[in-house]
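Just my_file25.cif here, mmCIF, C-alpha atoms:
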data_run
loop_
_atom_site.label_atom_id
_atom_site.label_comp_id
_atom_site.auth_asym_id
_atom_site.auth_seq_id
_atom_site.Cartn_x
_atom_site.Cartn_y
_atom_site.Cartn_z
CA MET A 1 -16.28 18.89 -101.16
CA PHE A 2 -13.67 17.78 -103.73
CA ARG A 3 -11.39 20.63 -102.68
CA LYS A 4 -11.75 19.62 -99.01
CA ALA A 5 -11.07 16.01 -99.83
CA LEU A 6 -8.00 17.04 -101.82
CA THR A 7 -6.84 19.19 -98.92
CA PHE A 8 -7.09 16.20 -96.61
CA THR A 9 -5.16 13.98 -99.03
CA VAL A 10 -2.35 16.50 -99.40
CA ALA A 11 -2.17 17.17 -95.67
CA LEU A 12 -2.08 13.48 -94.87
CA ALA A 13 1.13 13.14 -96.85
CA ALA A 14 2.88 15.60 -94.52
CA THR A 15 5.32 14.41 -91.89
CA VAL A 16 3.57 13.63 -88.58
CA ALA A 17 4.70 12.49 -85.17
CA LEU A 18 3.66 8.89 -84.51
CA ALA A 19 2.76 7.29 -81.20
CA ALA A 20 4.27 4.05 -80.01
CA GLY A 21 1.08 2.13 -80.72
CA CYS A 22 -2.70 2.04 -80.71
CA ARG A 23 -4.88 1.64 -77.69
CA SER A 24 -6.78 -1.65 -77.75
CA GLY A 25 -10.34 -2.18 -76.53
CA ASP A 26 -10.89 -3.64 -73.07
CA THR A 27 -13.20 -6.61 -73.51
CA THR A 28 -13.48 -7.13 -69.79
CA SER A 29 -14.85 -3.70 -68.98
CA ALA A 30 -18.20 -4.04 -67.15
CA GLN A 31 -21.42 -2.70 -68.61
CA GLY A 32 -24.85 -2.50 -67.08
CA GLY A 33 -28.32 -3.38 -68.28
CA THR A 34 -30.95 -5.88 -67.31
CA PRO A 35 -29.73 -9.46 -67.87
CA THR A 36 -31.33 -11.29 -70.79
CA PRO A 37 -32.17 -15.01 -70.28
CA ALA A 38 -29.98 -17.32 -72.32
CA VAL A 39 -31.41 -18.40 -75.64
CA PRO A 40 -29.85 -20.35 -78.50
CA SER A 41 -28.07 -18.00 -80.87
CA SER A 42 -29.25 -17.98 -84.51
CA THR A 43 -26.40 -15.83 -85.79
CA PRO A 44 -23.83 -17.30 -87.21
CA ALA A 45 5.90 -8.62 -105.16
CA ALA A 46 6.53 -7.90 -108.32
CA THR A 47 9.95 -8.85 -109.77
CA PRO A 48 11.90 -5.69 -110.59
CA ALA A 49 12.66 -5.20 -114.28
CA THR A 50 16.28 -5.70 -115.29
CA SER A 51 18.15 -4.65 -118.39
CA ALA A 52 21.62 -5.30 -119.77
CA PRO A 53 24.20 -2.62 -118.96
CA ALA A 54 24.63 -0.10 -121.75
CA THR A 55 27.85 -0.21 -123.77
CA PRO A 56 29.82 3.02 -123.36
CA THR A 57 30.01 5.16 -126.49
CA PRO A 58 33.34 6.87 -127.13
CA SER A 59 33.13 10.64 -127.09
CA SER A 60 35.30 12.98 -129.08
CA SER A 61 35.24 15.55 -126.30
CA PRO A 62 35.40 14.99 -122.57
CA SER A 63 32.22 15.61 -120.64
CA THR A 64 32.29 18.31 -118.01
CA ALA A 65 29.02 17.15 -116.29
CA THR A 66 29.01 14.68 -113.45
CA THR A 67 25.94 12.77 -112.23
CA SER A 68 25.24 10.71 -109.14
CA ALA A 69 22.28 8.52 -108.28
CA SER A 70 20.00 9.88 -105.56
CA PRO A 71 17.21 7.96 -103.81
CA LYS A 72 13.63 8.76 -104.77
CA PRO A 73 11.49 10.29 -102.05
CA SER A 74 8.78 7.95 -100.73
CA SER A 75 5.33 8.59 -102.19
CA THR A 76 3.62 6.69 -99.36
CA PRO A 77 2.13 9.07 -96.77
CA ALA A 78 2.82 8.44 -93.11
CA LYS A 79 0.06 6.64 -91.24
CA LEU A 80 -1.95 8.55 -88.66
CA ARG A 81 -2.84 6.92 -85.38
CA GLU A 82 -3.53 7.72 -81.74
CA GLY A 83 -0.74 10.01 -80.58
CA SER A 84 -0.13 11.63 -83.99
CA LYS A 85 -0.16 15.44 -84.10
CA GLY A 86 -0.01 18.19 -86.66
CA ALA A 87 -1.69 19.63 -89.74
CA ALA A 88 -2.42 16.22 -91.23
CA VAL A 89 -4.39 15.28 -88.11
CA THR A 90 -6.33 18.55 -88.26
CA ALA A 91 -7.24 17.82 -91.89
CA LEU A 92 -8.29 14.30 -90.91
CA GLN A 93 -10.51 15.57 -88.10
CA ASN A 94 -12.14 18.18 -90.32
CA ARG A 95 -12.85 15.61 -93.03
CA LEU A 96 -14.33 13.14 -90.52
CA ASN A 97 -16.63 15.84 -89.13
CA GLU A 98 -17.59 16.92 -92.65
CA LEU A 99 -18.75 13.37 -93.42
CA GLY A 100 -20.63 13.05 -90.12
CA TYR A 101 -18.13 10.91 -88.21
CA TRP A 102 -18.25 12.92 -85.00
CA ASN A 103 -14.88 13.46 -83.34
CA GLY A 104 -15.30 16.75 -81.56
CA LYS A 105 -13.41 19.94 -82.40
CA ALA A 106 -10.43 19.61 -84.73
CA ASP A 107 -7.37 20.31 -82.60
CA GLY A 108 -4.55 18.55 -84.45
CA ALA A 109 -4.13 15.87 -81.77
CA PHE A 110 -5.18 12.30 -82.60
CA GLY A 111 -6.75 11.08 -79.36
CA GLY A 112 -9.32 8.51 -78.33
CA THR A 113 -12.26 10.52 -79.69
CA THR A 114 -10.72 10.70 -83.17
CA GLN A 115 -9.88 6.99 -82.97
CA GLN A 116 -13.57 6.26 -82.29
CA ALA A 117 -14.51 8.22 -85.42
CA VAL A 118 -11.95 6.30 -87.48
CA PHE A 119 -13.38 3.02 -86.15
CA ALA A 120 -16.82 4.08 -87.37
CA LEU A 121 -15.50 5.01 -90.83
CA GLN A 122 -13.62 1.73 -91.15
CA LYS A 123 -16.78 -0.20 -90.23
CA VAL A 124 -18.81 1.61 -92.89
CA ALA A 125 -16.05 1.03 -95.48
CA GLY A 126 -15.68 -2.65 -94.58
CA LEU A 127 -12.03 -2.21 -93.61
CA THR A 128 -9.93 -3.64 -90.81
CA ARG A 129 -11.01 -1.92 -87.60
CA ASP A 130 -7.63 -0.88 -86.25
CA GLY A 131 -8.17 2.86 -85.76
CA VAL A 132 -5.16 3.65 -87.95
CA VAL A 133 -5.45 5.89 -91.02
CA GLY A 134 -3.42 4.15 -93.71
CA PRO A 135 -3.89 4.24 -97.50
CA LYS A 136 -7.21 2.34 -97.55
CA THR A 137 -8.81 4.40 -94.79
CA ALA A 138 -7.52 7.60 -96.40
CA ALA A 139 -9.10 6.49 -99.68
CA ALA A 140 -12.43 5.93 -97.91
CA LEU A 141 -12.22 9.48 -96.55
CA THR A 142 -11.43 10.92 -99.97
CA ALA A 143 -14.31 8.95 -101.50
CA GLY A 144 -16.65 10.31 -98.82
CA LEU A 145 -18.12 6.95 -97.77
CA ARG A 146 -21.21 7.26 -95.57
CA PRO A 147 -23.88 4.79 -94.41
CA LYS A 148 -27.54 4.94 -95.41
CA ALA A 149 -30.40 5.07 -92.96
CA LYS A 150 -33.35 2.68 -92.79
CA SER A 151 -35.81 5.21 -91.40
CA THR A 152 -37.33 7.72 -93.80
CA SER A 153 -39.07 10.25 -91.57
CA GLY A 154 -38.74 11.83 -88.15
CA HIS A 155 -35.86 11.99 -85.73
CA VAL A 156 -34.47 8.49 -85.12
CA VAL A 157 -31.45 6.96 -83.42
CA GLU A 158 -30.52 3.88 -85.45
CA ILE A 159 -28.31 1.15 -83.98
CA ASP A 160 -26.82 -1.03 -86.72
CA LYS A 161 -25.61 -4.18 -84.96
CA ALA A 162 -24.07 -5.71 -88.09
CA ARG A 163 -21.74 -2.77 -88.61
CA GLN A 164 -21.60 -1.75 -84.94
CA ILE A 165 -22.44 1.89 -85.51
CA VAL A 166 -25.00 4.34 -84.15
CA MET A 167 -26.56 6.84 -86.55
CA ILE A 168 -28.56 9.95 -85.70
CA VAL A 169 -31.05 10.40 -88.52
CA ASP A 170 -33.49 13.15 -89.49
CA ASP A 171 -36.08 12.44 -92.17
CA GLY A 172 -33.95 9.68 -93.64
CA LYS A 173 -30.76 11.74 -93.73
CA VAL A 174 -27.83 10.55 -91.63
CA GLY A 175 -26.38 13.44 -89.66
CA THR A 176 -23.98 11.75 -87.25
CA ILE A 177 -22.21 8.37 -87.20
CA LEU A 178 -20.70 6.98 -83.99
CA ASN A 179 -18.74 3.89 -83.09
CA THR A 180 -20.63 1.54 -80.75
CA SER A 181 -20.23 -1.82 -79.07
CA THR A 182 -23.41 -3.87 -78.51
CA GLY A 183 -24.13 -7.28 -76.99
CA SER A 184 -21.26 -9.73 -77.40
CA GLY A 185 -23.47 -12.73 -78.07
CA GLN A 186 -21.61 -14.61 -75.34
CA HIS A 187 -23.08 -16.25 -72.26
CA TYR A 188 -22.27 -14.85 -68.82
CA THR A 189 -23.19 -15.73 -65.24
CA TYR A 190 -24.94 -13.36 -62.86
CA GLN A 191 -26.01 -14.35 -59.33
CA GLY A 192 -25.72 -18.02 -60.22
CA ASP A 193 -27.80 -17.84 -63.41
CA THR A 194 -26.57 -17.87 -67.01
CA PHE A 195 -27.65 -15.19 -69.47
CA LEU A 196 -26.95 -14.26 -73.08
CA ALA A 197 -25.32 -10.90 -73.76
CA ALA A 198 -27.66 -9.74 -76.54
CA THR A 199 -29.04 -6.45 -77.82
CA PRO A 200 -32.58 -7.25 -79.03
CA SER A 201 -33.67 -5.86 -82.40
CA GLY A 202 -36.83 -3.82 -82.69
CA LYS A 203 -38.34 -0.34 -82.61
CA PHE A 204 -38.30 1.42 -79.26
CA THR A 205 -38.29 4.89 -77.68
CA VAL A 206 -36.13 6.54 -75.06
CA SER A 207 -38.26 6.03 -71.96
CA ARG A 208 -36.01 7.18 -69.12
CA GLN A 209 -32.57 8.62 -68.56
CA ILE A 210 -30.05 9.42 -65.84
CA ASP A 211 -27.87 12.49 -66.09
CA GLY A 212 -24.92 10.99 -64.24
CA MET A 213 -23.33 7.69 -63.34
CA ARG A 214 -25.57 4.66 -62.94
CA ASN A 215 -24.01 1.87 -60.88
CA GLY A 216 -25.87 -1.04 -62.45
CA PRO A 217 -25.77 -4.70 -61.40
CA LEU A 218 -23.25 -5.45 -64.16
CA GLY A 219 -21.18 -2.29 -64.00
CA GLN A 220 -21.24 1.47 -64.49
CA LEU A 221 -23.25 3.31 -67.16
CA TRP A 222 -22.42 6.97 -67.81
CA ARG A 223 -25.49 9.17 -68.53
CA PRO A 224 -27.64 6.27 -69.82
CA LYS A 225 -30.67 6.73 -72.03
CA TYR A 226 -32.84 3.62 -71.62
CA PHE A 227 -34.90 2.47 -74.59
CA ASN A 228 -35.72 -1.19 -73.84
CA GLY A 229 -36.13 -2.05 -70.16
CA GLY A 230 -32.63 -2.04 -68.67
CA ILE A 231 -30.94 -1.71 -72.06
CA ALA A 232 -29.56 1.74 -72.77
CA LEU A 233 -27.44 3.90 -74.97
CA HIS A 234 -24.71 5.05 -72.57
CA GLY A 235 -21.15 6.18 -72.15
CA ALA A 236 -18.35 3.81 -71.23
CA ALA A 237 -14.61 4.00 -70.68
CA SER A 238 -14.09 1.12 -73.12
CA VAL A 239 -15.79 1.04 -76.53
CA PRO A 240 -13.92 -1.48 -78.69
CA PRO A 241 -14.68 -1.80 -82.42
CA TYR A 242 -16.52 -5.11 -81.92
CA PRO A 243 -19.49 -6.43 -79.86
CA ALA A 244 -18.39 -6.62 -76.22
CA SER A 245 -21.25 -5.43 -73.99
CA HIS A 246 -23.82 -7.29 -71.89
CA GLY A 247 -26.62 -5.88 -74.08
CA CYS A 248 -26.47 -2.09 -74.01
CA ALA A 249 -25.10 0.05 -76.83
CA ARG A 250 -21.86 1.59 -75.60
CA LEU A 251 -20.62 4.98 -76.78
CA SER A 252 -17.54 6.87 -75.69
CA ASN A 253 -18.10 9.16 -72.72
CA ALA A 254 -17.32 12.13 -74.99
CA ALA A 255 -19.98 11.02 -77.48
CA ILE A 256 -22.75 10.57 -74.90
CA ASP A 257 -21.83 13.95 -73.37
CA TRP A 258 -22.24 15.50 -76.82
CA ILE A 259 -25.63 13.79 -77.26
CA TRP A 260 -26.80 15.23 -73.96
CA SER A 261 -25.44 18.73 -74.63
CA THR A 262 -27.07 18.92 -78.07
CA ASN A 263 -30.30 17.16 -77.04
CA LYS A 264 -29.93 14.60 -79.83
CA ALA A 265 -31.81 11.86 -77.95
CA PRO A 266 -34.40 13.38 -75.60
CA LEU A 267 -37.14 11.34 -73.99
CA LYS A 268 -39.54 9.77 -76.53
CA THR A 269 -36.86 9.69 -79.25
CA LYS A 270 -37.36 6.71 -81.56
CA VAL A 271 -34.63 4.06 -81.39
CA TRP A 272 -34.39 1.45 -84.12
CA VAL A 273 -32.18 -1.56 -83.49
CA TYR A 274 -31.43 -3.94 -86.35
#
Write-out of the structure in structure tokens:
Amino acid sequence: MFRKALTFTVALAATVALAAGCRSGDTTSAQGGTPTPAVPSSTPAATPATSAPATPTPSSSPSTATTSASPKPSSTPAKLREGSKGAAVTALQNRLNELGYWNGKADGAFGGTTQQAVFALQKVAGLTRDGVVGPKTAAALTAGLRPKAKSTSGHVVEIDKARQIVMIVDDGKVGTILNTSTGSGQHYTYQGDTFLAATPSGKFTVSRQIDGMRNGPLGQLWRPKYFNGGIALHGAASVPPYPASHGCARLSNAAIDWIWSTNKAPLKTKVWVY
């Protein structure tokens, strides 16, 4: 693992092509789920060193060597972000997958799926959730930071609302970590009534699922897996790195497709929300 981490660190220092900027989350994107009645919320330069110029020392013989000052190469690696390409991105993707931050097959192109994985890592490391791999995020990768599960036995999907991540756990061992966006905690109006966008905590099971698009009363849900009434784990076009849904746990469409294809959350799967 040390050798792989070192490989990532070296590759990250390589020159990469940078995109014009990062894609931001769409907080207005609709998300389905059964509305929850409104309830009061209980959640709350260092100064460069100088020295006197040296006094020239006379020489008995003329010097034949000439010297000229040349700038030092920068030791700061280029940042990786959405739009970056190359070997450094491939190393990043491999390291993320190695640690369990799912981002699909390493292809050397930093797209939305890799950005989602970086969001998840930054949440676990307690870093700014900007989806950009700078020095601090690279250090978290090298250190191999991973979250711990709360469950100790069986196959469980854990939804950590505080850190806004989803973990797929087997017998207490975290296998996969995904970025998620749960209930925003804000009030919204539906058919003239006011509701609170909340994702209730508790222990549930996947009770029903739809292998396709669900046009819910509050928006579209891609391949939802319902675990608490109308609240589901589902794909969405927008999964920002902060709570923004009406109550469901959003995943990227690519992530929910992977969950379906690998049967990671079949019916009766335990779902812990905390």
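Computed from the coordinates, the atom CA of A:Gly131 to atom CA of A:Gln115 distance equals 5.3 Å.
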Students should find that atom CA of A:Ile159 and atom CA of A:Lys264 are spaced 14.2 Å
One decimal, in Å: what's the spacing between atom CA of A:Gly126 and atom CA of A:Arg163?
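Computing it gives 8.5 Å between the two atoms.
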Find the residues near stretch 133-148 of chain A: any atom within 7 Å, counting all atoms listed in the file, skip ones fewer than 2 places away on the same chain, and give them as a PyMOL selection string.
chain A and resi 5+79-81+99+122+124-125+131+150+174
In terms of the shortest atom-to-atom distance over only C-alpha atoms, which of A:Pro200, A:Gly247, A:Gly100, A:Pro241 is closest to A:Leu127?
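Closest to A:Leu127, using only C-alpha atoms: A:Pro241.
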Picked residues, the PyMOL selection byres ((chain A and resi 182) around 6), expected as an mmCIF file with C-alpha atoms, in the coordinates of the input:
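Everything below was put into part_21.cif:
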data_model
loop_
_atom_site.group_PDB
_atom_site.id
_atom_site.type_symbol
_atom_site.label_atom_id
_atom_site.label_comp_id
_atom_site.auth_asym_id
_atom_site.auth_seq_id
_atom_site.Cartn_x
_atom_site.Cartn_y
_atom_site.Cartn_z
ATOM 1 C CA SER A 181 -20.230 -1.820 -79.070
ATOM 2 C CA GLY A 183 -24.130 -7.280 -76.990
ATOM 3 C CA PRO A 243 -19.490 -6.430 -79.860
ATOM 4 C CA SER A 245 -21.250 -5.430 -73.990
ATOM 5 C CA GLY A 247 -26.620 -5.880 -74.080
ATOM 6 C CA CYS A 248 -26.470 -2.090 -74.010
ATOM 7 C CA ALA A 249 -25.100 0.050 -76.830
#
Which residue is closest to A:Thr199? Choose from A:Ala109, A:Val273, A:Met167, A:Ile177 and count all atoms listed in the file.
A:Val273
Select, from A:Gly192, A:Gly235, A:Gly154, A:Gly111, the residue with the minimum atom-to-atom distance to A:Leu178, counting only C-alpha atoms.
A:Gly235
So what does the PyMOL selection byres ((chain A and resi 210) around 12) actually pick up in this one, as JSON, numbers by chain?
{"A": [206, 207, 208, 209, 211, 212, 213, 214, 215, 216, 220, 221, 222, 223, 224, 225, 226, 232, 233, 234, 235, 256, 260, 266, 267]}
Rank A:Ser153, A:Asn94, A:Thr189, A:Ser261 by their smallest atom-to-atom distance to A:His246, using all atoms listed in the file, and report the top residue only.
A:Thr189
Could you rebuild stretch 133-147 of chain A with N, CA and C atoms and give it back as a CSV table (one decimal), in the coordinates of the input?
chain,number,residue,atom,x,y,z
A,133,VAL,N,-5.1,5.3,-89.7
A,133,VAL,CA,-5.4,5.9,-91.0
A,133,VAL,C,-4.3,5.6,-91.9
A,134,GLY,N,-4.4,4.5,-92.7
A,134,GLY,CA,-3.4,4.2,-93.7
A,134,GLY,C,-4.0,4.5,-95.1
A,135,PRO,N,-3.4,3.9,-96.2
A,135,PRO,CA,-3.9,4.2,-97.5
A,135,PRO,C,-5.4,3.9,-97.8
A,136,LYS,N,-5.8,2.7,-97.3
A,136,LYS,CA,-7.2,2.3,-97.6
A,136,LYS,C,-8.2,3.2,-96.8
A,137,THR,N,-7.9,3.5,-95.6
A,137,THR,CA,-8.8,4.4,-94.8
A,137,THR,C,-8.8,5.8,-95.4
A,138,ALA,N,-7.6,6.3,-95.8
A,138,ALA,CA,-7.5,7.6,-96.4
A,138,ALA,C,-8.3,7.7,-97.7
A,139,ALA,N,-8.3,6.5,-98.4
A,139,ALA,CA,-9.1,6.5,-99.7
A,139,ALA,C,-10.6,6.5,-99.4
A,140,ALA,N,-11.0,5.9,-98.3
A,140,ALA,CA,-12.4,5.9,-97.9
A,140,ALA,C,-12.8,7.3,-97.5
A,141,LEU,N,-12.0,8.1,-96.9
A,141,LEU,CA,-12.2,9.5,-96.6
A,141,LEU,C,-12.3,10.3,-97.8
A,142,THR,N,-11.4,10.1,-98.7
A,142,THR,CA,-11.4,10.9,-100.0
A,142,THR,C,-12.7,10.6,-100.8
A,143,ALA,N,-13.1,9.3,-100.8
A,143,ALA,CA,-14.3,9.0,-101.5
A,143,ALA,C,-15.6,9.4,-100.8
A,144,GLY,N,-15.5,9.8,-99.5
A,144,GLY,CA,-16.6,10.3,-98.8
A,144,GLY,C,-17.7,9.2,-98.5
A,145,LEU,N,-17.2,8.1,-98.1
A,145,LEU,CA,-18.1,7.0,-97.8
A,145,LEU,C,-19.0,7.2,-96.5
A,146,ARG,N,-20.3,7.0,-96.7
A,146,ARG,CA,-21.2,7.3,-95.6
A,146,ARG,C,-22.3,6.2,-95.6
A,147,PRO,N,-22.8,5.8,-94.4
A,147,PRO,CA,-23.9,4.8,-94.4
A,147,PRO,C,-25.2,5.4,-94.8
